Protein chains: 2
Amino acid sequence: MLGPPPGRMDYETPQFFRVMQYAASADRDVVDMVSGSPDWEPPAALREGLHAYADADSADFQYAPSVGLRGLREEIAERRGVATERVLITNGTAEANHLAMTGALESMDGTEVVTADPVYPYYAGRTNLLGADLTMVPVGADGHLAPDDVREAVSDDTAAVVVNSPNNPTGVTYAGETIREFAAIAEAHDAVLVSDEVYDHFDYSGRFESALTADAPNVVVTNAFSKSMAITGWRVGYAIFPPTDAPAPVADLLDRARTRHMLTNIAVSRPAQAAVRHALRNTGPEYYEDVRATVRERIAVFTEALDAAGAEYTDPEGAFYVMARFPGYESTFEHVQRLIDEGGVACMPGEAFGEARADWFRFALVTPRVAEAAERLEAFFS
Amino acid sequence: MLGPPPGRMDYETPQFFRVMQYAASADRDVVDMVSGSPDWEPPAALREGLHAYADADSADFQYAPSVGLRGLREEIAERRGVATERVLITNGTAEANHLAMTGALESMDGTEVVTADPVYPYYAGRTNLLGADLTMVPVGADGHLAPDDVREAVSDDTAAVVVNSPNNPTGVTYAGETIREFAAIAEAHDAVLVSDEVYDHFDYSGRFESALTADAPNVVVTNAFSKSMAITGWRVGYAIFPPTDAPAPVADLLDRARTRHMLTNIAVSRPAQAAVRHALRNTGPEYYEDVRATVRERIAVFTEALDAAGAEYTDPEGAFYVMARFPGYESTFEHVQRLIDEGGVACMPGEAFGEARADWFRFALVTPRVAEAAERLEAFFS
């Protein structure tokens, strides 16, 4: 039932770059549906906040607290309904996940990390880096990770279960009861549930609930403003750790993360923190609604073309990805190249994300040219 | 001859913060000579660069290359006379040192890190975090680390020798031949010399030379714009690794660092990188000369007061610190408190940096009130 681990998935020279380079050097015009970087505007208040910071007193250019700017942590804590002390500002979700996974492997018994298959490749790469064992649990036909399958996969050797909802690459959103079941399964095996919620603003199903709703102490929630404010390059993220009065060893996770964060990075870059704090305080729900409406429209256009092309695909419920497969057109690197050269559309081969969906393709809907790509796909497969 | 390692130096709740908090809550006015954050203006081009970035196309807000913005790496490579490929942009010198030390412990035989005593506490803290053994070599009476003492301390179990010149906390600058001797000693023991040169713009002796001048492949040079551009909070640093055609295992250091950097942080915050790139291109030598002149003046005023107070001190040749001791006034936390309460001057006790200079005090000259502090010190000790 469980797929084999993908070994050293190619995270050192990620396939993303290989595909993007191939597309960039193509002889023809290509619509880039490879990368996950938003193509829309950040909130206006973000630019404002950065201008204001550029004129600040030079004292504000010096070390921020290692755990992050107080005001930013407070804004986050209020929105997430947790004590400010539990919030650690990190260099994007990447560092938040790194600290959570490293801490779990240090604090909990066990050397194994459990993820979904397909998986966001950095989880797998990091597991390798940390010398841990990776167990990947194939998602079901609907793209969802089934609690029963996770229950079967975890063991007392599991230190962390890492999930992502709304999900990259499948585009699904797990139900609240599912995420709470993952937390309970992790708790039963003295493991940490690391819940990466970076796409929380991109749920079209109305189903999204944070793992913070779980009645379990062993949950670390990670997030960032990379997607919600369209600033993947700014590297402002956060982790919410269990309270320090949680039962041991879960109670140690926060202190371990603070120490490792301080000795690795000292703190997160302050211009970005200051601008995000300003934007959080001065951006209304319309901004997020507008962006969601844009992606929703793209999903409608794109899935219509997939239907016309006779593709099978996973219904996009969240994030901004569509996974699809085309009868008679296997997902190989050669086929990705042919789709670029002859179809004018660049996407990721499923093998970049594991074994379970190696015969699928992942399309990222973060280009204003989704309609054009849809037409091209339809023509290519007709 | 060697001092005992300081065990778990108090790096998790650094004494810096304890002293600063005590000073901040004092009933009287206190001159802060504790922290190492510049109190002067950054280059004008830095603010300009950040304003320009705040108005950039939102595509420029997305992921920068993991190794850093190409233009920034090129500017650095040109100034340092190395190939651009060897330059990795990091989250301040902290991450550069973290990657260099982690890589040395992974690639080289050995589990030991050798540093000076007194030492910048993060080197010691990081050594503990990485589960390595710390050997600290006491500096001489002149505050310099003697190559013969380092030679005596290193062994085949040494993976890294970590030095800092100009030096925090002693304020000395090592001679070029000294730094080259450290590189040769490290090479002879299959260890990496990690040379933290973050104070390279703050040499008053004319003696500073980079470890890049060493004829040895096993050198990693680390640096940042934190001090030179007065932006400790922006977190833009870099490491220069050995070329990938260096002999194994030194040749692996760059790739290991790139992988760890990518899986920990993905990349360094882009607003800060873009502004620093602009400032590097548009800041002349006058800026650095002016700042040096300011610190030099402060050194003159402060050491005059130390002479008058009958103190013994290490001649400040670089960076912006003075280490001093006062006959009959031992360096204890209580005495630091008394100097705050009765003298109106806050400084660091020597024990925060190790054993060898536990009876010294460290004063940071990064306050416009150095003259006032000098007067207060003179009065306190008279």
# chains A, B, ... in the order shown; residues from 1 in each chain; ligands from 1
>>> closest_atom_pairs(of="chain A", to="chain B", cutoff="6 Å", atoms="only C-alpha atoms", output="Markdown table")
| residue | atom | partner | partner_atom | distance |
| --- | --- | --- | --- | --- |
| A:Glu12 | CA | B:Thr259 | CA | 5.8 |
| A:Glu41 | CA | B:Ser58 | CA | 5.9 |
| A:Arg47 | CA | B:Ala54 | CA | 5.3 |
| A:Leu50 | CA | B:Ala54 | CA | 5.9 |
| A:His51 | CA | B:His51 | CA | 5.6 |
| A:Ala54 | CA | B:Arg47 | CA | 5.3 |
| A:Ser58 | CA | B:Glu41 | CA | 5.9 |
| A:Phe61 | CA | B:Ile231 | CA | 5.1 |
| A:Gln62 | CA | B:Gly233 | CA | 4.1 |
| A:Tyr63 | CA | B:Gly233 | CA | 3.8 |
| A:Ala64 | CA | B:Gly233 | CA | 5.7 |
| A:Asn91 | CA | B:Asn265 | CA | 5.8 |
| A:Ala94 | CA | B:Asn265 | CA | 5.7 |
| A:Glu95 | CA | B:Thr264 | CA | 5.1 |
| A:His98 | CA | B:Thr264 | CA | 5.8 |
| A:Arg126 | CA | B:Leu263 | CA | 5.8 |
| A:Ile231 | CA | B:Phe61 | CA | 5.1 |
| A:Thr232 | CA | B:Gln62 | CA | 4.6 |
| A:Gly233 | CA | B:Tyr63 | CA | 3.8 |
| A:Trp234 | CA | B:Ser269 | CA | 4.6 |
| A:Arg235 | CA | B:Ser269 | CA | 5.2 |
| A:Thr259 | CA | B:Glu12 | CA | 5.9 |
| A:Leu263 | CA | B:Arg126 | CA | 5.8 |
| A:Thr264 | CA | B:Glu95 | CA | 5.1 |
| A:Asn265 | CA | B:Glu95 | CA | 5.3 |
| A:Ser269 | CA | B:Trp234 | CA | 4.6 |
| A:Arg270 | CA | B:Trp234 | CA | 5.3 |
>>> residues_around(residues="Glu112 (chain A)", least_positions_apart="6", cutoff="9 Å", atoms="only C-alpha atoms", output="number ranges by chain")
A: 105, 127, 132-135, 154-155, 157-161
>>> residues_around(residues="Gln21 (chain B)", least_positions_apart="2", cutoff="12 Å", atoms="only C-alpha atoms", output="PyMOL selection string")
chain B and resi 13-19+23-26+30+32+34-35+337+340+346-347
>>> select_by_dssp(residues="region 96-195 of chain B", states="strand (DSSP E)", output="PyMOL selection string")
chain B and resi 112-117+133-138+158-164+192-195
>>> closest_residue(among="B:Ala183, B:Leu377, B:Val250, B:Ala175", to="Val345 (chain B)", atoms="only C-alpha atoms")
B:Leu377
>>> atom_distance(atom1="CA of Thr222 (chain B)", atom2="CA of Met101 (chain B)")
10.9 Å
>>> residues_around(residues="Val301 (chain B)", least_positions_apart="3", cutoff="9 Å", atoms="only C-alpha atoms", output="list in words")
Arg296, Glu297, Arg298, Glu304, Ala305, Leu306, Val370, Ala371 and Ala374 of chain B
>>> closest_residue(among="A:Ala358, A:Ile179, A:Leu365, A:Val336", to="Met20 (chain A)", atoms="only C-alpha atoms")
A:Val336
>>> atom_distance(atom1="CA of Val295 (chain A)", atom2="CA of Asp307 (chain A)")
18.1 Å
>>> atom_distance(atom1="CA of Ser331 (chain A)", atom2="CA of Glu355 (chain A)")
11.6 Å
>>> residues_around(residues="Phe182 (chain A)", least_positions_apart="2", cutoff="9 Å", atoms="only C-alpha atoms", output="PDB file with N, CA and C atoms, in the first residue's frame")
ATOM      1  N   PRO A 147      -7.100   9.421   6.676  1.00  0.00           N
ATOM      2  CA  PRO A 147      -6.606   9.139   8.028  1.00  0.00           C
ATOM      3  C   PRO A 147      -6.308   7.659   8.252  1.00  0.00           C
ATOM      4  N   VAL A 150      -2.939   6.884   6.968  1.00  0.00           N
ATOM      5  CA  VAL A 150      -1.883   7.460   7.814  1.00  0.00           C
ATOM      6  C   VAL A 150      -1.732   6.616   9.077  1.00  0.00           C
ATOM      7  N   ARG A 151      -2.856   6.204   9.637  1.00  0.00           N
ATOM      8  CA  ARG A 151      -2.835   5.383  10.851  1.00  0.00           C
ATOM      9  C   ARG A 151      -2.058   4.091  10.615  1.00  0.00           C
ATOM     10  N   VAL A 161       4.558  13.828  11.598  1.00  0.00           N
ATOM     11  CA  VAL A 161       3.671  13.674  10.444  1.00  0.00           C
ATOM     12  C   VAL A 161       3.526  15.079   9.866  1.00  0.00           C
ATOM     13  N   VAL A 163       1.841  17.512   7.144  1.00  0.00           N
ATOM     14  CA  VAL A 163       0.754  17.651   6.176  1.00  0.00           C
ATOM     15  C   VAL A 163       0.616  19.096   5.715  1.00  0.00           C
ATOM     16  N   GLU A 177     -12.228  17.709  10.351  1.00  0.00           N
ATOM     17  CA  GLU A 177     -12.171  16.464  11.118  1.00  0.00           C
ATOM     18  C   GLU A 177     -10.981  15.604  10.691  1.00  0.00           C
ATOM     19  N   THR A 178     -10.602  15.712   9.423  1.00  0.00           N
ATOM     20  CA  THR A 178      -9.434  14.967   8.935  1.00  0.00           C
ATOM     21  C   THR A 178      -8.157  15.468   9.606  1.00  0.00           C
ATOM     22  N   ILE A 179      -8.008  16.783   9.622  1.00  0.00           N
ATOM     23  CA  ILE A 179      -6.785  17.355  10.198  1.00  0.00           C
ATOM     24  C   ILE A 179      -6.723  17.027  11.696  1.00  0.00           C
ATOM     25  N   ARG A 180      -7.882  17.029  12.347  1.00  0.00           N
ATOM     26  CA  ARG A 180      -7.905  16.693  13.781  1.00  0.00           C
ATOM     27  C   ARG A 180      -7.593  15.208  13.998  1.00  0.00           C
ATOM     28  N   ALA A 184      -4.609  13.489  16.259  1.00  0.00           N
ATOM     29  CA  ALA A 184      -4.838  12.413  17.233  1.00  0.00           C
ATOM     30  C   ALA A 184      -3.939  11.213  16.936  1.00  0.00           C
ATOM     31  N   ILE A 185      -3.772  10.894  15.669  1.00  0.00           N
ATOM     32  CA  ILE A 185      -2.905   9.773  15.286  1.00  0.00           C
ATOM     33  C   ILE A 185      -1.467  10.070  15.705  1.00  0.00           C
ATOM     34  N   ALA A 186      -1.016  11.290  15.422  1.00  0.00           N
ATOM     35  CA  ALA A 186       0.345  11.669  15.813  1.00  0.00           C
ATOM     36  C   ALA A 186       0.489  11.575  17.330  1.00  0.00           C
ATOM     37  N   GLU A 187      -0.502  12.094  18.047  1.00  0.00           N
ATOM     38  CA  GLU A 187      -0.425  12.088  19.516  1.00  0.00           C
ATOM     39  C   GLU A 187      -0.321  10.656  20.041  1.00  0.00           C
ATOM     40  N   LEU A 193       2.451  16.559  14.881  1.00  0.00           N
ATOM     41  CA  LEU A 193       1.818  16.889  13.608  1.00  0.00           C
ATOM     42  C   LEU A 193       2.312  18.273  13.198  1.00  0.00           C
ATOM     43  N   ALA A 211      -5.113  23.186  12.050  1.00  0.00           N
ATOM     44  CA  ALA A 211      -4.792  22.135  13.015  1.00  0.00           C
ATOM     45  C   ALA A 211      -4.799  22.668  14.449  1.00  0.00           C
TER      46      ALA A 211
END
>>> residues_around(residues="region 314-322 of chain A", least_positions_apart="6", cutoff="7 Å", atoms="only C-alpha atoms", output="PyMOL selection string")
chain A and resi 142-143+166-173+199+202-205+295+362-365
>>> closest_residue(among="B:His201, B:Arg292, B:Arg28, B:Arg277", to="Glu74 (chain B)", atoms="only C-alpha atoms")
B:Arg277
>>> select_by_dssp(residues="region 159-308 of chain B", states="helix (DSSP H, G or I)", output="PyMOL selection string")
chain B and resi 176-188+211-213+250-265+270-281+285-308
>>> closest_residue(among="B:Ala100, B:Val113, B:Ala300, B:Val366", to="Ser195 (chain B)", atoms="only C-alpha atoms")
B:Ala100
